Amino acid sequence: MNISHIEHLGIAVENLEESIKYYEDVLGLKCYSIEEVVDQKVKTAFFLVGTTKIELLESTSPDGPIGKFIEKKGPGIHHLAFAVPNATEALKIAEDRGVRLIDKESRKGAEGLNIGFLHPKSTLGVLTELCSKE
Ligand code: ZN
């Protein structure tokens, strides 16, 4: 599937504004984008660390995926996202290799990327996202 790098780490947070303060004031990173992804019921904030991003995720609703995650496990690392040339093809390759998919087809995520998730039951417990610009 030609993974080139870790595109981002997704981190579930309870409060986006307070979390941004930690990343900016303590770690000295700069939030360059805040974006709501309505169909995922999240508000996201992005930081660039080299070629890898940190994506903070605050739920906009208790019944969204991040709301449920925080209720079950508390805030923390939520998913790992790899950059690939073509997310749809990479999802197919993963499926052919026996991985259970959350998304059969890629869809639009934050920053206009095409994204799709692999099921953590098939990925050693790590919710894994594949994303591409194409
Ligand atoms: Zn992500």
# chains A, B, ... in the order shown; residues from 1 in each chain; ligands from 1
>>> residues_near_ligand(ligand="ligand 1", cutoff="8 Å", atoms="only C-alpha atoms and all ligand atoms", output="PyMOL selection string")
chain A and resi 8-10+55+79-81+109-110+115+129
>>> select_by_dssp(residues="chain A", states="strand (DSSP E or B)", output="JSON, numbers by chain")
{"A": [5, 6, 7, 8, 9, 10, 11, 12, 13, 31, 32, 33, 34, 35, 36, 37, 42, 43, 44, 45, 46, 47, 48, 49, 52, 53, 54, 55, 56, 57, 58, 59, 76, 77, 78, 79, 80, 81, 82, 83, 101, 107, 108, 114, 115, 116, 117, 118, 128, 129, 130, 131, 132]}
>>> residues_around(residues="Asp103 of chain A", least_positions_apart="2", cutoff="6 Å", atoms="only C-alpha atoms", output="ChimeraX atom specification")
/A:101,105,116-117
>>> residues_around(residues="Val84 of chain A", least_positions_apart="4", cutoff="8 Å", atoms="only C-alpha atoms", output="list in words")
Met1, Asn2, Ile3, Ser4, His5, Ala90, Leu130, Cys131 and Ser132 of chain A
>>> write_last_selection(atoms="all heavy atoms", output="PDB file, in the first residue's frame")
ATOM      1  N   MET A   1       0.812  -1.219   0.000  1.00  0.00           N
ATOM      2  CA  MET A   1       0.000   0.000   0.000  1.00  0.00           C
ATOM      3  C   MET A   1       0.848   1.274   0.000  1.00  0.00           C
ATOM      4  O   MET A   1       0.306   2.361  -0.036  1.00  0.00           O
ATOM      5  CB  MET A   1      -1.007  -0.013   1.154  1.00  0.00           C
ATOM      6  CG  MET A   1      -0.447  -0.267   2.523  1.00  0.00           C
ATOM      7  SD  MET A   1      -1.782  -0.368   3.755  1.00  0.00           S
ATOM      8  CE  MET A   1      -2.240  -2.101   3.587  1.00  0.00           C
ATOM      9  N   ASN A   2       2.177   1.092   0.031  1.00  0.00           N
ATOM     10  CA  ASN A   2       3.100   2.225  -0.147  1.00  0.00           C
ATOM     11  C   ASN A   2       2.945   3.357   0.862  1.00  0.00           C
ATOM     12  O   ASN A   2       2.813   4.539   0.498  1.00  0.00           O
ATOM     13  CB  ASN A   2       2.966   2.800  -1.560  1.00  0.00           C
ATOM     14  CG  ASN A   2       3.539   1.870  -2.603  1.00  0.00           C
ATOM     15  OD1 ASN A   2       4.629   1.315  -2.406  1.00  0.00           O
ATOM     16  ND2 ASN A   2       2.807   1.656  -3.677  1.00  0.00           N
ATOM     17  N   ILE A   3       2.983   3.010   2.139  1.00  0.00           N
ATOM     18  CA  ILE A   3       2.930   4.030   3.190  1.00  0.00           C
ATOM     19  C   ILE A   3       4.194   4.893   3.112  1.00  0.00           C
ATOM     20  O   ILE A   3       5.308   4.366   3.050  1.00  0.00           O
ATOM     21  CB  ILE A   3       2.831   3.356   4.577  1.00  0.00           C
ATOM     22  CG1 ILE A   3       1.466   2.685   4.726  1.00  0.00           C
ATOM     23  CG2 ILE A   3       3.072   4.379   5.695  1.00  0.00           C
ATOM     24  CD1 ILE A   3       1.352   1.779   5.941  1.00  0.00           C
ATOM     25  N   SER A   4       4.036   6.212   3.093  1.00  0.00           N
ATOM     26  CA  SER A   4       5.205   7.092   2.997  1.00  0.00           C
ATOM     27  C   SER A   4       5.632   7.653   4.358  1.00  0.00           C
ATOM     28  O   SER A   4       6.810   7.829   4.607  1.00  0.00           O
ATOM     29  CB  SER A   4       4.930   8.240   2.030  1.00  0.00           C
ATOM     30  OG  SER A   4       3.804   8.977   2.447  1.00  0.00           O
ATOM     31  N   HIS A   5       4.676   7.954   5.216  1.00  0.00           N
ATOM     32  CA  HIS A   5       5.016   8.477   6.547  1.00  0.00           C
ATOM     33  C   HIS A   5       3.777   8.461   7.432  1.00  0.00           C
ATOM     34  O   HIS A   5       2.676   8.153   6.964  1.00  0.00           O
ATOM     35  CB  HIS A   5       5.594   9.903   6.459  1.00  0.00           C
ATOM     36  CG  HIS A   5       4.666  10.913   5.862  1.00  0.00           C
ATOM     37  ND1 HIS A   5       4.397  10.991   4.512  1.00  0.00           N
ATOM     38  CD2 HIS A   5       3.932  11.894   6.440  1.00  0.00           C
ATOM     39  CE1 HIS A   5       3.554  11.984   4.278  1.00  0.00           C
ATOM     40  NE2 HIS A   5       3.251  12.547   5.426  1.00  0.00           N
ATOM     41  N   ALA A  90      -5.449   1.496  -1.058  1.00  0.00           N
ATOM     42  CA  ALA A  90      -4.829   0.943   0.156  1.00  0.00           C
ATOM     43  C   ALA A  90      -5.854   0.181   0.992  1.00  0.00           C
ATOM     44  O   ALA A  90      -5.544  -0.868   1.568  1.00  0.00           O
ATOM     45  CB  ALA A  90      -4.189   2.065   0.972  1.00  0.00           C
ATOM     46  N   LEU A 130      -5.974   5.370   6.939  1.00  0.00           N
ATOM     47  CA  LEU A 130      -5.146   5.532   5.735  1.00  0.00           C
ATOM     48  C   LEU A 130      -5.638   6.787   5.067  1.00  0.00           C
ATOM     49  O   LEU A 130      -6.843   6.983   4.911  1.00  0.00           O
ATOM     50  CB  LEU A 130      -5.313   4.326   4.816  1.00  0.00           C
ATOM     51  CG  LEU A 130      -4.932   2.967   5.436  1.00  0.00           C
ATOM     52  CD1 LEU A 130      -5.348   1.826   4.510  1.00  0.00           C
ATOM     53  CD2 LEU A 130      -3.446   2.903   5.748  1.00  0.00           C
ATOM     54  N   CYS A 131      -4.737   7.688   4.693  1.00  0.00           N
ATOM     55  CA  CYS A 131      -5.210   8.896   4.037  1.00  0.00           C
ATOM     56  C   CYS A 131      -4.330   9.307   2.872  1.00  0.00           C
ATOM     57  O   CYS A 131      -3.125   9.056   2.857  1.00  0.00           O
ATOM     58  CB  CYS A 131      -5.403  10.052   5.003  1.00  0.00           C
ATOM     59  SG  CYS A 131      -4.197  10.241   6.256  1.00  0.00           S
ATOM     60  N   SER A 132      -4.989   9.915   1.908  1.00  0.00           N
ATOM     61  CA  SER A 132      -4.292  10.357   0.697  1.00  0.00           C
ATOM     62  C   SER A 132      -4.894  11.654   0.208  1.00  0.00           C
ATOM     63  O   SER A 132      -6.022  12.012   0.555  1.00  0.00           O
ATOM     64  CB  SER A 132      -4.400   9.287  -0.390  1.00  0.00           C
ATOM     65  OG  SER A 132      -5.734   9.152  -0.837  1.00  0.00           O
TER      66      SER A 132
END
>>> closest_residue(among="A:Leu113, A:Leu127, A:Leu29, A:Leu118", to="Arg100 of chain A", atoms="only C-alpha atoms")
A:Leu118
>>> residues_around(residues="segment 47-49 of chain A", least_positions_apart="3", cutoff="7 Å", atoms="only C-alpha atoms", output="PyMOL selection string")
chain A and resi 29-32+52-55
>>> residues_around(residues="segment 75-77 of chain A", least_positions_apart="4", cutoff="12 Å", atoms="only C-alpha atoms", output="list in words")
His8, Leu9, Gly10, Ile11, Ala12, Val13, Glu14, Asn15, Leu16, Ser19, Ile54, Glu55, Leu56, Leu57, Glu58, Ser59, Ile66, Gly67, Lys68, Phe69, Ile70, Glu71, Ala81, Gly125, Val126, Leu127 and Thr128 of chain A
>>> write_last_selection(atoms="C-alpha atoms", output="PDB file, in the first residue's frame")
ATOM      1  CA  HIS A   8      -0.975  12.322  11.858  1.00  0.00           C
ATOM      2  CA  LEU A   9      -1.768  11.056  15.317  1.00  0.00           C
ATOM      3  CA  GLY A  10      -5.368  11.558  16.377  1.00  0.00           C
ATOM      4  CA  ILE A  11      -5.822  12.460  20.026  1.00  0.00           C
ATOM      5  CA  ALA A  12      -9.225  12.541  21.728  1.00  0.00           C
ATOM      6  CA  VAL A  13      -9.613  15.526  24.053  1.00  0.00           C
ATOM      7  CA  GLU A  14     -12.414  16.733  26.291  1.00  0.00           C
ATOM      8  CA  ASN A  15     -11.900  20.421  25.616  1.00  0.00           C
ATOM      9  CA  LEU A  16     -10.286  21.676  22.428  1.00  0.00           C
ATOM     10  CA  SER A  19      -5.888  21.286  24.901  1.00  0.00           C
ATOM     11  CA  ILE A  54      -1.141  16.065  15.614  1.00  0.00           C
ATOM     12  CA  GLU A  55      -4.921  16.105  15.238  1.00  0.00           C
ATOM     13  CA  LEU A  56      -6.815  16.972  18.409  1.00  0.00           C
ATOM     14  CA  LEU A  57     -10.402  15.754  18.347  1.00  0.00           C
ATOM     15  CA  GLU A  58     -13.186  17.130  20.509  1.00  0.00           C
ATOM     16  CA  SER A  59     -16.614  15.563  20.187  1.00  0.00           C
ATOM     17  CA  ILE A  66     -15.019  10.513  19.889  1.00  0.00           C
ATOM     18  CA  GLY A  67     -17.734  11.084  22.498  1.00  0.00           C
ATOM     19  CA  LYS A  68     -18.144   7.323  22.879  1.00  0.00           C
ATOM     20  CA  PHE A  69     -14.372   6.745  22.948  1.00  0.00           C
ATOM     21  CA  ILE A  70     -13.868   9.265  25.773  1.00  0.00           C
ATOM     22  CA  GLU A  71     -16.777   7.826  27.749  1.00  0.00           C
ATOM     23  CA  ALA A  81      -2.919   7.744  10.393  1.00  0.00           C
ATOM     24  CA  GLY A 125      -5.745  -2.799  18.857  1.00  0.00           C
ATOM     25  CA  VAL A 126      -4.649   0.376  17.088  1.00  0.00           C
ATOM     26  CA  LEU A 127      -7.408   2.181  15.203  1.00  0.00           C
ATOM     27  CA  THR A 128      -5.610   2.842  11.911  1.00  0.00           C
TER      28      THR A 128
END
>>> select_by_dssp(residues="chain A", states="helix (DSSP H, G or I)", output="ChimeraX atom specification")
/A:16-26,38-40,65-73,87-96,110-112,120-122
>>> write_last_selection(atoms="C-alpha atoms", output="mmCIF file, in the first residue's frame")
data_model
loop_
_atom_site.group_PDB
_atom_site.id
_atom_site.type_symbol
_atom_site.label_atom_id
_atom_site.label_comp_id
_atom_site.auth_asym_id
_atom_site.auth_seq_id
_atom_site.Cartn_x
_atom_site.Cartn_y
_atom_site.Cartn_z
ATOM 1 C CA LEU A 16 -10.286 21.676 22.428
ATOM 2 C CA GLU A 17 -9.498 25.208 23.649
ATOM 3 C CA GLU A 18 -7.748 23.990 26.807
ATOM 4 C CA SER A 19 -5.888 21.286 24.901
ATOM 5 C CA ILE A 20 -4.651 23.803 22.326
ATOM 6 C CA LYS A 21 -3.241 25.846 25.202
ATOM 7 C CA TYR A 22 -1.149 22.871 26.371
ATOM 8 C CA TYR A 23 0.215 22.211 22.874
ATOM 9 C CA GLU A 24 0.996 25.895 22.311
ATOM 10 C CA ASP A 25 2.062 27.181 25.737
ATOM 11 C CA VAL A 26 3.840 24.086 27.059
ATOM 12 C CA VAL A 38 -19.880 17.528 10.807
ATOM 13 C CA ASP A 39 -20.495 13.900 9.774
ATOM 14 C CA GLN A 40 -17.901 12.678 12.309
ATOM 15 C CA PRO A 65 -17.293 8.278 17.785
ATOM 16 C CA ILE A 66 -15.019 10.513 19.889
ATOM 17 C CA GLY A 67 -17.734 11.084 22.498
ATOM 18 C CA LYS A 68 -18.144 7.323 22.879
ATOM 19 C CA PHE A 69 -14.372 6.745 22.948
ATOM 20 C CA ILE A 70 -13.868 9.265 25.773
ATOM 21 C CA GLU A 71 -16.777 7.826 27.749
ATOM 22 C CA LYS A 72 -15.236 4.335 27.521
ATOM 23 C CA LYS A 73 -11.504 5.043 27.746
ATOM 24 C CA ALA A 87 -6.548 5.604 0.215
ATOM 25 C CA THR A 88 -9.171 3.673 -1.765
ATOM 26 C CA GLU A 89 -6.549 1.329 -3.226
ATOM 27 C CA ALA A 90 -4.829 0.943 0.156
ATOM 28 C CA LEU A 91 -8.159 -0.034 1.764
ATOM 29 C CA LYS A 92 -8.642 -2.699 -0.934
ATOM 30 C CA ILE A 93 -5.138 -4.059 -0.394
ATOM 31 C CA ALA A 94 -5.737 -4.230 3.375
ATOM 32 C CA GLU A 95 -9.028 -6.050 2.804
ATOM 33 C CA ASP A 96 -7.344 -8.513 0.430
ATOM 34 C CA ALA A 110 -10.468 16.858 7.730
ATOM 35 C CA GLU A 111 -8.184 18.945 5.487
ATOM 36 C CA GLY A 112 -9.938 17.587 2.394
ATOM 37 C CA PRO A 120 -8.693 -2.144 15.541
ATOM 38 C CA LYS A 121 -9.639 -5.845 15.926
ATOM 39 C CA SER A 122 -7.504 -6.469 12.804
#
>>> atom_distance(atom1="atom CA of Thr51 of chain A", atom2="atom CA of Asn86 of chain A")
18.1 Å
>>> atom_distance(atom1="atom CA of Lys41 of chain A", atom2="atom CA of Val99 of chain A")
25.7 Å
>>> closest_residue(among="A:His78, A:Ala45, A:Ala83, A:Glu36", to="Thr60 of chain A", atoms="only C-alpha atoms")
A:Glu36
>>> atom_distance(atom1="atom CA of Lys43 of chain A", atom2="atom CA of Pro62 of chain A")
12.8 Å
>>> decode(residues="segment 13-27 of chain A", atoms="all heavy atoms", output="tab-separated table (two decimals), in the first residue's frame")
chain	number	residue	atom	x	y	z
A	13	VAL	N	-9.70	14.59	22.92
A	13	VAL	CA	-9.61	15.53	24.05
A	13	VAL	C	-11.02	15.91	24.51
A	13	VAL	O	-11.99	15.83	23.74
A	13	VAL	CB	-8.81	16.81	23.69
A	13	VAL	CG1	-7.40	16.46	23.26
A	13	VAL	CG2	-9.51	17.64	22.62
A	14	GLU	N	-11.11	16.33	25.77
A	14	GLU	CA	-12.41	16.73	26.29
A	14	GLU	C	-12.72	18.18	25.92
A	14	GLU	O	-13.88	18.53	25.70
A	14	GLU	CB	-12.45	16.54	27.81
A	14	GLU	CG	-12.67	15.07	28.15
A	14	GLU	CD	-12.52	14.75	29.62
A	14	GLU	OE1	-11.79	15.48	30.33
A	14	GLU	OE2	-13.12	13.75	30.05
A	15	ASN	N	-11.68	19.00	25.87
A	15	ASN	CA	-11.90	20.42	25.62
A	15	ASN	C	-10.82	20.94	24.67
A	15	ASN	O	-9.65	20.99	25.03
A	15	ASN	CB	-11.88	21.18	26.96
A	15	ASN	CG	-12.14	22.66	26.77
A	15	ASN	OD1	-11.47	23.34	25.99
A	15	ASN	ND2	-13.12	23.16	27.49
A	16	LEU	N	-11.24	21.30	23.47
A	16	LEU	CA	-10.29	21.68	22.43
A	16	LEU	C	-9.49	22.93	22.81
A	16	LEU	O	-8.27	22.95	22.66
A	16	LEU	CB	-11.05	21.89	21.11
A	16	LEU	CG	-10.23	21.78	19.82
A	16	LEU	CD1	-9.65	20.38	19.66
A	16	LEU	CD2	-11.08	22.13	18.62
A	17	GLU	N	-10.18	23.95	23.32
A	17	GLU	CA	-9.50	25.21	23.65
A	17	GLU	C	-8.40	24.99	24.69
A	17	GLU	O	-7.27	25.45	24.53
A	17	GLU	CB	-10.50	26.24	24.17
A	17	GLU	CG	-11.57	26.67	23.15
A	17	GLU	CD	-10.98	27.09	21.80
A	17	GLU	OE1	-10.01	27.87	21.80
A	17	GLU	OE2	-11.49	26.63	20.76
A	18	GLU	N	-8.73	24.24	25.76
A	18	GLU	CA	-7.75	23.99	26.81
A	18	GLU	C	-6.60	23.13	26.30
A	18	GLU	O	-5.45	23.32	26.67
A	18	GLU	CB	-8.40	23.29	28.00
A	18	GLU	CG	-9.15	24.25	28.89
A	18	GLU	CD	-9.94	23.55	29.98
A	18	GLU	OE1	-9.60	22.39	30.31
A	18	GLU	OE2	-10.91	24.16	30.47
A	19	SER	N	-6.92	22.19	25.44
A	19	SER	CA	-5.89	21.29	24.90
A	19	SER	C	-4.94	22.05	23.99
A	19	SER	O	-3.73	21.82	24.00
A	19	SER	CB	-6.54	20.13	24.15
A	19	SER	OG	-7.47	19.49	24.98
A	20	ILE	N	-5.49	22.98	23.21
A	20	ILE	CA	-4.65	23.80	22.33
A	20	ILE	C	-3.65	24.59	23.17
A	20	ILE	O	-2.48	24.71	22.82
A	20	ILE	CB	-5.52	24.74	21.46
A	20	ILE	CG1	-6.26	23.92	20.39
A	20	ILE	CG2	-4.67	25.83	20.80
A	20	ILE	CD1	-7.32	24.71	19.63
A	21	LYS	N	-4.13	25.10	24.31
A	21	LYS	CA	-3.24	25.85	25.20
A	21	LYS	C	-2.04	25.02	25.62
A	21	LYS	O	-0.91	25.51	25.65
A	21	LYS	CB	-4.01	26.30	26.46
A	21	LYS	CG	-4.62	27.65	26.30
A	21	LYS	CD	-5.14	28.15	27.65
A	21	LYS	CE	-6.39	28.98	27.41
A	21	LYS	NZ	-7.36	28.85	28.49
A	22	TYR	N	-2.27	23.74	25.98
A	22	TYR	CA	-1.15	22.87	26.37
A	22	TYR	C	-0.16	22.72	25.21
A	22	TYR	O	1.05	22.89	25.38
A	22	TYR	CB	-1.67	21.50	26.82
A	22	TYR	CG	-0.57	20.46	26.87
A	22	TYR	CD1	0.39	20.48	27.89
A	22	TYR	CD2	-0.46	19.49	25.88
A	22	TYR	CE1	1.42	19.55	27.92
A	22	TYR	CE2	0.57	18.56	25.90
A	22	TYR	CZ	1.51	18.59	26.92
A	22	TYR	OH	2.53	17.69	26.93
A	23	TYR	N	-0.68	22.43	24.02
A	23	TYR	CA	0.21	22.21	22.87
A	23	TYR	C	0.98	23.48	22.49
A	23	TYR	O	2.13	23.41	22.07
A	23	TYR	CB	-0.58	21.65	21.67
A	23	TYR	CG	-0.79	20.16	21.82
A	23	TYR	CD1	-1.85	19.66	22.55
A	23	TYR	CD2	0.12	19.25	21.28
A	23	TYR	CE1	-2.03	18.30	22.74
A	23	TYR	CE2	-0.05	17.89	21.45
A	23	TYR	CZ	-1.12	17.42	22.18
A	23	TYR	OH	-1.27	16.07	22.36
A	24	GLU	N	0.33	24.64	22.67
A	24	GLU	CA	1.00	25.89	22.31
A	24	GLU	C	1.89	26.42	23.44
A	24	GLU	O	3.05	26.72	23.23
A	24	GLU	CB	-0.05	26.95	21.92
A	24	GLU	CG	-0.73	26.59	20.61
A	24	GLU	CD	-1.51	27.74	19.99
A	24	GLU	OE1	-1.99	28.62	20.72
A	24	GLU	OE2	-1.63	27.73	18.74
A	25	ASP	N	1.34	26.51	24.65
A	25	ASP	CA	2.06	27.18	25.74
A	25	ASP	C	3.14	26.29	26.35
A	25	ASP	O	4.18	26.77	26.76
A	25	ASP	CB	1.08	27.65	26.82
A	25	ASP	CG	0.07	28.64	26.27
A	25	ASP	OD1	0.28	29.12	25.13
A	25	ASP	OD2	-0.93	28.92	26.95
A	26	VAL	N	2.87	24.99	26.43
A	26	VAL	CA	3.84	24.09	27.06
A	26	VAL	C	4.78	23.50	26.00
A	26	VAL	O	6.00	23.56	26.14
A	26	VAL	CB	3.13	22.95	27.84
A	26	VAL	CG1	4.16	21.99	28.43
A	26	VAL	CG2	2.25	23.54	28.94
A	27	LEU	N	4.22	22.97	24.93
A	27	LEU	CA	5.06	22.29	23.92
A	27	LEU	C	5.60	23.26	22.89
A	27	LEU	O	6.53	22.93	22.15
A	27	LEU	CB	4.26	21.18	23.24
A	27	LEU	CG	3.76	20.06	24.16
A	27	LEU	CD1	3.07	18.98	23.35
A	27	LEU	CD2	4.88	19.45	25.00
